[in-house]
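Peer 1: Contents of target_27.cif (mmCIF, C-alpha atoms and all ligand atoms) are given next:
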data_final
#
loop_
_atom_site.label_atom_id
_atom_site.label_comp_id
_atom_site.auth_asym_id
_atom_site.auth_seq_id
_atom_site.Cartn_x
_atom_site.Cartn_y
_atom_site.Cartn_z
CA MET A 1 0.00 0.00 0.00
CA SER A 2 1.32 3.46 -0.88
CA ARG A 3 2.08 5.93 1.93
CA ASN A 4 -0.54 8.22 0.37
CA ALA A 5 -3.34 5.65 0.41
CA PRO A 6 -6.32 7.36 2.09
CA ARG A 7 -7.58 5.86 5.32
CA ILE A 8 -11.22 5.02 4.69
CA ALA A 9 -13.97 4.63 7.30
CA ILE A 10 -17.29 3.00 6.37
CA VAL A 11 -20.46 3.81 8.23
CA GLY A 12 -23.37 1.34 8.18
CA VAL A 13 -20.78 -1.40 7.87
CA ALA A 14 -23.26 -4.21 8.55
CA GLY A 15 -25.65 -3.10 5.79
CA ARG A 16 -25.94 -4.43 2.22
CA MET A 17 -23.68 -1.71 0.84
CA GLY A 18 -21.53 -1.50 3.99
CA ARG A 19 -20.46 -5.12 3.69
CA THR A 20 -19.77 -4.76 -0.02
CA LEU A 21 -17.75 -1.60 0.64
CA VAL A 22 -15.51 -3.47 3.10
CA ALA A 23 -14.72 -5.98 0.34
CA ALA A 24 -14.13 -3.21 -2.21
CA VAL A 25 -11.72 -1.26 0.03
CA GLU A 26 -9.93 -4.49 0.89
CA GLN A 27 -9.40 -5.15 -2.87
CA GLU A 28 -7.99 -1.65 -3.50
CA PRO A 29 -4.22 -1.48 -2.90
CA GLN A 30 -4.32 2.35 -2.90
CA ALA A 31 -6.70 2.57 0.08
CA GLU A 32 -6.57 1.53 3.72
CA LEU A 33 -9.57 0.04 5.50
CA ALA A 34 -9.34 2.10 8.68
CA ALA A 35 -12.67 1.89 10.54
CA GLY A 36 -16.20 0.54 10.41
CA ILE A 37 -19.11 2.12 12.25
CA VAL A 38 -22.34 0.41 13.33
CA GLU A 39 -25.42 1.92 14.97
CA PRO A 40 -24.98 3.31 18.51
CA GLY A 41 -25.43 0.48 21.02
CA SER A 42 -25.40 -2.20 18.29
CA SER A 43 -24.69 -5.76 19.39
CA LEU A 44 -22.15 -5.83 16.52
CA THR A 45 -19.85 -3.33 18.28
CA GLY A 46 -16.41 -4.92 18.65
CA VAL A 47 -17.01 -7.53 15.92
CA ASP A 48 -14.29 -7.65 13.25
CA ILE A 49 -15.65 -5.90 10.12
CA GLY A 50 -14.04 -8.51 7.88
CA GLU A 51 -16.15 -11.15 9.68
CA LEU A 52 -19.25 -8.95 9.13
CA ALA A 53 -18.46 -8.86 5.41
CA GLY A 54 -17.86 -12.63 5.23
CA LEU A 55 -14.15 -12.14 4.48
CA GLY A 56 -12.67 -13.49 7.69
CA ARG A 57 -10.69 -11.47 10.24
CA LEU A 58 -9.21 -8.18 8.99
CA GLY A 59 -8.14 -6.82 12.37
CA VAL A 60 -10.57 -3.85 12.38
CA ALA A 61 -13.22 -3.97 15.13
CA ALA A 62 -16.56 -2.21 14.51
CA VAL A 63 -17.14 0.87 16.68
CA ASP A 64 -20.55 2.38 17.40
CA SER A 65 -19.79 6.08 16.88
CA LEU A 66 -17.79 8.24 14.51
CA ALA A 67 -16.21 9.92 17.53
CA ALA A 68 -14.60 6.59 18.47
CA ALA A 69 -12.86 6.50 15.05
CA LYS A 70 -12.09 10.22 14.83
CA ASP A 71 -8.29 9.95 14.63
CA ASP A 72 -8.23 6.87 12.43
CA PHE A 73 -9.59 8.03 9.03
CA ASP A 74 -9.28 10.67 6.29
CA VAL A 75 -12.51 10.04 4.37
CA LEU A 76 -15.86 8.58 5.36
CA ILE A 77 -18.08 6.53 3.03
CA ASP A 78 -21.75 6.75 4.03
CA PHE A 79 -24.51 4.59 2.53
CA THR A 80 -27.11 4.69 5.32
CA GLN A 81 -30.24 6.83 5.60
CA PRO A 82 -30.82 10.60 5.28
CA ARG A 83 -30.90 11.69 8.94
CA VAL A 84 -27.83 9.57 9.77
CA THR A 85 -25.95 10.91 6.74
CA LEU A 86 -26.64 14.53 7.71
CA ALA A 87 -25.38 13.94 11.24
CA ASN A 88 -22.23 12.30 9.84
CA LEU A 89 -21.74 15.18 7.42
CA ALA A 90 -21.84 17.64 10.33
CA PHE A 91 -19.19 15.53 12.10
CA CYS A 92 -16.95 15.45 9.00
CA ALA A 93 -17.27 19.22 8.53
CA GLU A 94 -16.31 19.81 12.15
CA HIS A 95 -13.33 17.45 12.07
CA GLY A 96 -11.89 18.15 8.60
CA LYS A 97 -12.75 14.80 7.00
CA ALA A 98 -13.88 14.35 3.39
CA ILE A 99 -17.10 12.41 2.84
CA VAL A 100 -18.58 10.21 0.09
CA ILE A 101 -22.37 10.04 0.33
CA GLY A 102 -24.33 7.34 -1.49
CA THR A 103 -27.50 7.60 0.58
CA THR A 104 -30.66 8.31 -1.42
CA GLY A 105 -34.16 9.43 -0.46
CA LEU A 106 -33.23 12.87 0.90
CA ASP A 107 -36.19 15.27 0.75
CA ASP A 108 -35.86 18.90 -0.40
CA ASP A 109 -35.15 20.15 3.10
CA GLU A 110 -32.48 17.49 3.66
CA LEU A 111 -30.89 18.26 0.28
CA ALA A 112 -30.74 21.94 1.24
CA GLN A 113 -29.13 21.02 4.56
CA LEU A 114 -26.52 18.91 2.72
CA ASP A 115 -25.82 21.73 0.30
CA GLY A 116 -25.31 24.08 3.26
CA TYR A 117 -22.01 22.28 4.02
CA ARG A 118 -20.46 22.82 0.57
CA ASP A 119 -18.23 25.67 1.81
CA ARG A 120 -16.94 23.72 4.79
CA VAL A 121 -16.08 20.22 3.62
CA ALA A 122 -15.28 18.19 0.47
CA ILE A 123 -18.46 16.20 -0.29
CA LEU A 124 -18.87 13.62 -3.03
CA PHE A 125 -22.62 13.00 -3.36
CA ALA A 126 -24.10 10.74 -6.02
CA PRO A 127 -27.24 8.58 -6.09
CA ASN A 128 -25.38 6.00 -8.13
CA MET A 129 -21.62 5.42 -8.03
CA SER A 130 -21.40 2.96 -10.92
CA VAL A 131 -19.39 4.00 -13.97
CA GLY A 132 -22.14 2.56 -16.21
CA VAL A 133 -24.93 4.67 -14.74
CA ASN A 134 -22.85 7.82 -14.94
CA LEU A 135 -22.08 7.15 -18.59
CA THR A 136 -25.81 6.48 -19.10
CA LEU A 137 -26.55 9.97 -17.75
CA LYS A 138 -24.43 11.40 -20.58
CA LEU A 139 -26.24 9.25 -23.16
CA LEU A 140 -29.56 10.50 -21.79
CA GLU A 141 -28.49 14.11 -22.23
CA THR A 142 -27.77 13.43 -25.90
CA ALA A 143 -30.98 11.43 -26.45
CA ALA A 144 -33.16 14.03 -24.75
CA ARG A 145 -31.68 16.87 -26.82
CA ALA A 146 -32.21 14.92 -30.05
CA LEU A 147 -35.66 13.51 -29.36
CA GLY A 148 -37.38 15.44 -26.61
CA ASP A 149 -39.01 18.17 -28.63
CA GLU A 150 -39.95 15.84 -31.50
CA GLY A 151 -43.07 14.37 -29.90
CA TYR A 152 -41.41 11.58 -27.91
CA ASP A 153 -43.03 10.65 -24.60
CA ILE A 154 -40.49 10.14 -21.82
CA GLU A 155 -40.92 7.57 -19.06
CA VAL A 156 -38.45 6.37 -16.38
CA ILE A 157 -38.87 2.81 -15.10
CA GLU A 158 -36.86 1.37 -12.22
CA ALA A 159 -36.73 -1.94 -10.35
CA HIS A 160 -35.06 -2.78 -7.04
CA HIS A 161 -35.04 -5.42 -4.29
CA ARG A 162 -37.88 -5.79 -1.81
CA HIS A 163 -35.95 -4.08 1.05
CA LYS A 164 -35.50 -0.69 -0.62
CA VAL A 165 -37.20 2.04 1.41
CA ASP A 166 -37.23 5.05 -0.94
CA SER A 167 -39.11 5.47 -4.22
CA PRO A 168 -38.46 6.39 -6.96
CA SER A 169 -34.80 5.51 -6.64
CA GLY A 170 -32.28 8.32 -6.41
CA THR A 171 -30.91 7.20 -9.77
CA ALA A 172 -34.35 7.37 -11.44
CA LEU A 173 -34.82 10.89 -10.10
CA LYS A 174 -31.36 11.89 -11.33
CA MET A 175 -32.14 10.46 -14.78
CA GLY A 176 -35.41 12.42 -14.82
CA GLU A 177 -33.56 15.59 -13.79
CA VAL A 178 -30.92 15.16 -16.49
CA VAL A 179 -33.58 14.65 -19.17
CA ALA A 180 -35.71 17.54 -17.89
CA GLU A 181 -32.73 19.89 -17.71
CA SER A 182 -31.60 18.95 -21.22
CA LEU A 183 -35.08 19.92 -22.46
CA GLY A 184 -35.39 23.10 -20.41
CA ARG A 185 -38.24 21.55 -18.41
CA SER A 186 -38.64 21.48 -14.64
CA LEU A 187 -39.01 18.02 -13.10
CA LYS A 188 -40.97 19.57 -10.23
CA GLU A 189 -43.54 20.80 -12.76
CA HIS A 190 -43.53 17.91 -15.25
CA GLY A 191 -42.67 14.83 -13.17
CA VAL A 192 -45.62 12.41 -12.78
CA PHE A 193 -45.06 9.90 -9.98
CA ALA A 194 -48.40 8.05 -9.84
CA ARG A 195 -51.22 7.14 -12.22
CA GLU A 196 -54.38 5.43 -11.01
CA GLY A 197 -58.03 5.36 -12.00
CA GLN A 198 -59.47 7.83 -14.56
CA CYS A 199 -56.31 9.90 -14.77
CA GLY A 200 -56.78 10.86 -18.43
CA PRO A 201 -54.28 10.75 -21.31
CA ARG A 202 -50.71 11.79 -20.66
CA SER A 203 -49.63 15.34 -21.46
CA ASP A 204 -46.87 15.94 -24.02
CA LYS A 205 -44.31 17.30 -21.62
CA GLU A 206 -44.76 15.04 -18.62
CA ILE A 207 -41.94 12.74 -17.50
CA GLY A 208 -43.50 9.65 -15.93
CA PHE A 209 -41.97 7.39 -13.26
CA ALA A 210 -42.80 3.75 -12.55
CA THR A 211 -41.36 1.64 -9.73
CA VAL A 212 -41.00 -2.13 -9.23
CA ARG A 213 -39.96 -3.63 -5.86
CA ALA A 214 -39.33 -7.37 -5.92
CA GLY A 215 -37.01 -10.08 -4.64
CA ASP A 216 -33.29 -9.47 -4.87
CA ILE A 217 -33.09 -7.13 -7.90
CA VAL A 218 -29.89 -5.12 -7.39
CA GLY A 219 -30.95 -2.10 -9.49
CA GLU A 220 -32.35 -1.62 -13.00
CA HIS A 221 -33.21 1.64 -14.75
CA THR A 222 -34.74 2.31 -18.17
CA VAL A 223 -35.57 5.64 -19.78
CA MET A 224 -38.04 5.23 -22.63
CA PHE A 225 -38.50 7.73 -25.45
CA ALA A 226 -41.66 6.64 -27.32
CA THR A 227 -43.54 8.08 -30.27
CA GLU A 228 -45.86 6.84 -33.04
CA GLY A 229 -43.99 4.05 -34.82
CA GLU A 230 -40.91 3.61 -32.63
CA ARG A 231 -39.44 3.72 -29.19
CA ILE A 232 -35.92 3.98 -27.86
CA GLU A 233 -35.01 2.53 -24.48
CA ILE A 234 -31.78 3.31 -22.67
CA THR A 235 -31.25 0.73 -19.93
CA HIS A 236 -28.71 0.11 -17.19
CA LYS A 237 -28.79 -3.13 -15.17
CA ALA A 238 -26.63 -3.68 -12.11
CA SER A 239 -26.14 -7.33 -11.24
CA SER A 240 -23.76 -6.83 -8.28
CA ARG A 241 -23.46 -4.15 -5.58
CA MET A 242 -19.71 -4.31 -6.17
CA THR A 243 -20.16 -1.89 -9.10
CA PHE A 244 -21.48 0.78 -6.68
CA ALA A 245 -18.86 -0.05 -4.04
CA LYS A 246 -15.91 0.14 -6.45
CA GLY A 247 -17.21 3.50 -7.66
CA ALA A 248 -17.47 4.74 -4.09
CA VAL A 249 -13.89 3.71 -3.30
CA ARG A 250 -12.71 5.46 -6.48
CA ALA A 251 -14.67 8.52 -5.34
CA ALA A 252 -13.11 8.39 -1.87
CA ARG A 253 -9.61 8.35 -3.34
CA TRP A 254 -10.56 11.26 -5.62
CA VAL A 255 -12.22 13.51 -3.03
CA VAL A 256 -9.71 13.23 -0.21
CA GLY A 257 -7.58 16.38 -0.03
CA ARG A 258 -9.89 18.40 -2.35
CA ASP A 259 -11.10 21.90 -1.55
CA ALA A 260 -14.48 22.19 0.14
CA GLY A 261 -17.30 21.75 -2.36
CA CYS A 262 -20.07 19.45 -3.47
CA TYR A 263 -18.81 17.09 -6.19
CA ASP A 264 -20.42 14.15 -7.99
CA MET A 265 -19.35 11.08 -9.97
CA GLN A 266 -19.31 13.08 -13.21
CA ASP A 267 -16.42 15.05 -11.65
CA VAL A 268 -14.60 11.86 -10.67
CA LEU A 269 -15.01 10.32 -14.12
CA GLY A 270 -14.23 13.51 -16.07
CA LEU A 271 -17.69 13.51 -17.69
CA LYS A 272 -18.62 17.12 -16.86
CA GLY A 273 -19.38 19.53 -19.68
N1 LIG A 301 -25.21 5.78 -4.49
C1 LIG A 301 -25.19 4.46 -4.81
O1 LIG A 301 -24.45 4.03 -5.72
C2 LIG A 301 -26.04 3.52 -4.04
C3 LIG A 301 -26.85 4.00 -3.04
N2 LIG A 301 -27.53 3.14 -2.22
C4 LIG A 301 -28.24 3.75 -1.11
O2 LIG A 301 -27.51 3.46 0.10
C5 LIG A 301 -28.40 3.44 1.20
C6 LIG A 301 -28.22 2.16 2.00
O3 LIG A 301 -28.61 1.05 1.21
P1 LIG A 301 -28.44 -0.45 1.75
O4 LIG A 301 -27.01 -0.73 2.06
O5 LIG A 301 -29.15 -1.31 0.79
O6 LIG A 301 -29.27 -0.36 3.12
P2 LIG A 301 -29.11 -1.20 4.47
O7 LIG A 301 -30.36 -0.96 5.25
O8 LIG A 301 -28.72 -2.61 4.14
O9 LIG A 301 -27.87 -0.52 5.19
C7 LIG A 301 -27.91 0.67 5.94
C8 LIG A 301 -27.06 0.43 7.17
O10 LIG A 301 -26.94 1.65 7.90
C9 LIG A 301 -26.96 1.30 9.26
N3 LIG A 301 -27.26 2.43 10.13
C10 LIG A 301 -28.45 3.02 10.38
N4 LIG A 301 -28.29 4.01 11.27
C11 LIG A 301 -26.98 4.05 11.58
C12 LIG A 301 -26.19 4.85 12.47
N5 LIG A 301 -26.74 5.84 13.20
N6 LIG A 301 -24.87 4.62 12.55
C13 LIG A 301 -24.30 3.62 11.82
N7 LIG A 301 -24.99 2.82 10.99
C14 LIG A 301 -26.32 3.04 10.86
C15 LIG A 301 -28.03 0.21 9.33
O11 LIG A 301 -27.93 -0.51 10.52
P3 LIG A 301 -29.22 -1.39 11.02
O12 LIG A 301 -29.37 -2.47 10.00
O13 LIG A 301 -28.78 -1.84 12.36
O14 LIG A 301 -30.37 -0.42 11.05
C16 LIG A 301 -27.68 -0.61 8.11
O15 LIG A 301 -26.70 -1.58 8.41
C17 LIG A 301 -29.81 3.62 0.60
O16 LIG A 301 -30.16 4.99 0.68
C18 LIG A 301 -29.62 3.23 -0.86
O17 LIG A 301 -30.55 3.79 -1.72
C19 LIG A 301 -27.47 1.80 -2.39
C20 LIG A 301 -26.72 1.26 -3.40
C21 LIG A 301 -25.96 2.08 -4.32
O1 LIG A 302 -31.18 0.96 -2.64
C1 LIG A 302 -30.49 0.45 -3.55
O2 LIG A 302 -30.23 -0.76 -3.56
C2 LIG A 302 -29.97 1.31 -4.61
N1 LIG A 302 -30.14 2.60 -4.51
C3 LIG A 302 -29.65 3.60 -5.37
C4 LIG A 302 -30.78 4.48 -5.86
O3 LIG A 302 -31.74 4.75 -5.12
O4 LIG A 302 -30.71 4.95 -7.00
C5 LIG A 302 -28.73 3.11 -6.44
C6 LIG A 302 -28.90 1.69 -6.86
O5 LIG A 302 -29.81 1.61 -7.91
C7 LIG A 302 -29.22 0.73 -5.74
#
Step by step, read the file and then write its structure as structure tokens.
Ligand SMILES: NC(=O)C1=CN([C@@H]2O[C@H](COP(=O)(O)OP(=O)(O)OC[C@H]3O[C@@H](n4cnc5c(N)ncnc54)[C@H](OP(=O)(O)O)[C@@H]3O)[C@@H](O)[C@H]2O)C=CC1
Ligand SMILES: O=C(O)C1=N[C@H](C(=O)O)C[C@H](O)C1
Peer 2:
Amino acid sequence: MSRNAPRIAIVGVAGRMGRTLVAAVEQEPQAELAAGIVEPGSSLTGVDIGELAGLGRLGVAAVDSLAAAKDDFDVLIDFTQPRVTLANLAFCAEHGKAIVIGTTGLDDDELAQLDGYRDRVAILFAPNMSVGVNLTLKLLETAARALGDEGYDIEVIEAHHRHKVDSPSGTALKMGEVVAESLGRSLKEHGVFAREGQCGPRSDKEIGFATVRAGDIVGEHTVMFATEGERIEITHKASSRMTFAKGAVRAARWVVGRDAGCYDMQDVLGLKG
């Protein structure tokens, strides 16, 4: 491991993404697995985080607060839930740590709170850390510009596992925002998130969202552009959480040592502009 390998802490280390992140950091020679945080008072406190991830002993015991790991890490990776993420962001701002946030489902107020830290700490915030999804966002920009004003109806369809708590997914919302922005529309005004009963025909400019929750689906997103006589579908399918975890580790290595600001995966991958 290089002397400049960032020391990474993972919060929510017993979760679906937390466990995958432990494996991803462990596989990255240019990063050090420094700490793993579980919920305050968790019975998993003190358990080796390698054991939690099914990798065997790694010599890092889970702690139940960020304060307990304060001197051990340079960058925190957080895939938990909105209120926990905001508390961890406040901690990172206070203690000069960079943070990678993968948590989705933040409401407008929580997003504004997150944004309020942009002058105090380096934040990497993205609803999907996979390279494939971030490339898909660029393809969507191009497709929307070419097709959007030519009478194509736009619908976003996503499917995830039965445990997911937020809907639509953060990725689906991001895809909708990218398409809306490319067309000069506002997603707040034109997003349609439910159709039931006698809801009438769709309007030309609406961007519809449909959600599936079933079994162990890791994450699938399709944006459909449909008109009389043809339809184009741009689809991304994740078949392993490792794609998100590897992206997050890449993001952690990128964001550590940056100036305060709110960055995303497009910055990491050089896809801006
Ligand atoms: N940006 C991206 O690329 C991706 C984002 N996500 C997002 O990541 C988030 C987590 O997803 P997932 O891993 O499936 O969810 P899980 O519920 O499996 O994991 C969340 C973990 O956070 C833990 N947790 C809750 N509160 C605290 C706390 N105060 N301190 C420490 N740990 C805490 C939970 O512990 P406990 O179980 O004890 O409650 C749980 O282990 C979701 O918002 C999801 O949408 C997911 C995949 C990719
Ligand atoms: O909860 C998940 O699992 C996922 N959440 C993210 C989202 O809401 O977009 C990303 C990924 O699709 C998996």
Peer 1: Excluding range 258-268 of chain A and any residue of its chain fewer than 5 positions from it, enumerate the residues within 6 Å of it, using only C-alpha atoms, and give them as a list in words.
Peer 2: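 Result of the neighbour search: Arg118, Asp119, Arg120, Val121, Ala122, Ile123, Leu124, Phe125 and Ala126 of chain A.
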Peer 1: With only C-alpha atoms as the atoms that count, which of A:Ile37, A:Leu139, A:Gly56, A:Gly208 lies nearest to Ala68 in chain A?
Peer 2: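 Using only C-alpha atoms, Ala68 in chain A sits closest to A:Ile37.
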Peer 1: Determine, counting all atoms listed in the file, which protein, DNA and RNA residues have an atom within 7 Å of an atom of Leu76 in chain A; residues of the same chain fewer than 3 positions away are not included. Present the result as JSON, numbers by chain.
Peer 2: {"A": [8, 9, 10, 98, 99, 100]}
Peer 1: Pick out the residues sitting within 10 Å of Ile154 in chain A, and hand them over as a tab-separated table (two decimals) with C-alpha atoms, keeping the file's coordinate frame; count all atoms listed in the file, and ignore anything fewer than 2 positions along from it in its own chain.
Peer 2:
chain	number	residue	atom	x	y	z
A	144	ALA	CA	-33.16	14.03	-24.75
A	147	LEU	CA	-35.66	13.51	-29.36
A	148	GLY	CA	-37.38	15.44	-26.61
A	151	GLY	CA	-43.07	14.37	-29.90
A	152	TYR	CA	-41.41	11.58	-27.91
A	156	VAL	CA	-38.45	6.37	-16.38
A	176	GLY	CA	-35.41	12.42	-14.82
A	179	VAL	CA	-33.58	14.65	-19.17
A	180	ALA	CA	-35.71	17.54	-17.89
A	204	ASP	CA	-46.87	15.94	-24.02
A	205	LYS	CA	-44.31	17.30	-21.62
A	206	GLU	CA	-44.76	15.04	-18.62
A	207	ILE	CA	-41.94	12.74	-17.50
A	208	GLY	CA	-43.50	9.65	-15.93
A	209	PHE	CA	-41.97	7.39	-13.26
A	223	VAL	CA	-35.57	5.64	-19.78
A	224	MET	CA	-38.04	5.23	-22.63
A	225	PHE	CA	-38.50	7.73	-25.45
A	226	ALA	CA	-41.66	6.64	-27.32
A	227	THR	CA	-43.54	8.08	-30.27
A	231	ARG	CA	-39.44	3.72	-29.19
A	232	ILE	CA	-35.92	3.98	-27.86
A	233	GLU	CA	-35.01	2.53	-24.48
Peer 1: Show me the residues around (-21.7, 2.3, -11.3) - criterion: an atom at most 12 Å away, all atoms listed in the file counted - as a short mmCIF file (atom, residue, chain, number, x, y, z; two decimals) with C-alpha atoms, in the frame of the given file.
Peer 2:
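Contents of the output file part.cif:
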data_model
loop_
_atom_site.label_atom_id
_atom_site.label_comp_id
_atom_site.auth_asym_id
_atom_site.auth_seq_id
_atom_site.Cartn_x
_atom_site.Cartn_y
_atom_site.Cartn_z
CA GLY A 102 -24.33 7.34 -1.49
CA ALA A 126 -24.10 10.74 -6.02
CA PRO A 127 -27.24 8.58 -6.09
CA ASN A 128 -25.38 6.00 -8.13
CA MET A 129 -21.62 5.42 -8.03
CA SER A 130 -21.40 2.96 -10.92
CA VAL A 131 -19.39 4.00 -13.97
CA GLY A 132 -22.14 2.56 -16.21
CA VAL A 133 -24.93 4.67 -14.74
CA ASN A 134 -22.85 7.82 -14.94
CA LEU A 135 -22.08 7.15 -18.59
CA THR A 136 -25.81 6.48 -19.10
CA LEU A 137 -26.55 9.97 -17.75
CA THR A 171 -30.91 7.20 -9.77
CA VAL A 218 -29.89 -5.12 -7.39
CA GLY A 219 -30.95 -2.10 -9.49
CA GLU A 220 -32.35 -1.62 -13.00
CA HIS A 236 -28.71 0.11 -17.19
CA LYS A 237 -28.79 -3.13 -15.17
CA ALA A 238 -26.63 -3.68 -12.11
CA SER A 239 -26.14 -7.33 -11.24
CA SER A 240 -23.76 -6.83 -8.28
CA ARG A 241 -23.46 -4.15 -5.58
CA MET A 242 -19.71 -4.31 -6.17
CA THR A 243 -20.16 -1.89 -9.10
CA PHE A 244 -21.48 0.78 -6.68
CA ALA A 245 -18.86 -0.05 -4.04
CA LYS A 246 -15.91 0.14 -6.45
CA GLY A 247 -17.21 3.50 -7.66
CA ALA A 248 -17.47 4.74 -4.09
CA VAL A 249 -13.89 3.71 -3.30
CA ARG A 250 -12.71 5.46 -6.48
CA ALA A 251 -14.67 8.52 -5.34
CA MET A 265 -19.35 11.08 -9.97
CA GLN A 266 -19.31 13.08 -13.21
CA VAL A 268 -14.60 11.86 -10.67
CA LEU A 269 -15.01 10.32 -14.12
#
Peer 1: Using only C-alpha atoms, what residues lie at most 12 Å away from (-23.9, 13.8, 8.7) (file coordinates), given as a ChimeraX atom specification?
Peer 2: /A:11,65-66,76-95,97-101,103,110-111,113-117,121,123
Peer 1: Which residue gives the smallest distance to ligand LIG 301 (chain A) among A:Ala146, A:Leu106, A:Val212, A:Ile157, with all atoms listed in the file counted?
Peer 2: A:Leu106
Peer 1: What's around range 161-166 of chain A at 7 Å? Count all atoms listed in the file, leave out sequence neighbours fewer than 4 positions away in its own chain, and write the answer as a list in words.
Peer 2: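 Here the answer would be Gly105, Arg213, Ala214, Gly215, Asp216, Ile217 and Val218 of chain A.
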Peer 1: When you draw a straight line from CA of Gly15 in chain A to CA of Ser167 in chain A, how long is it in Å?
Peer 2: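 Computing it gives 18.8 Å between the two atoms.
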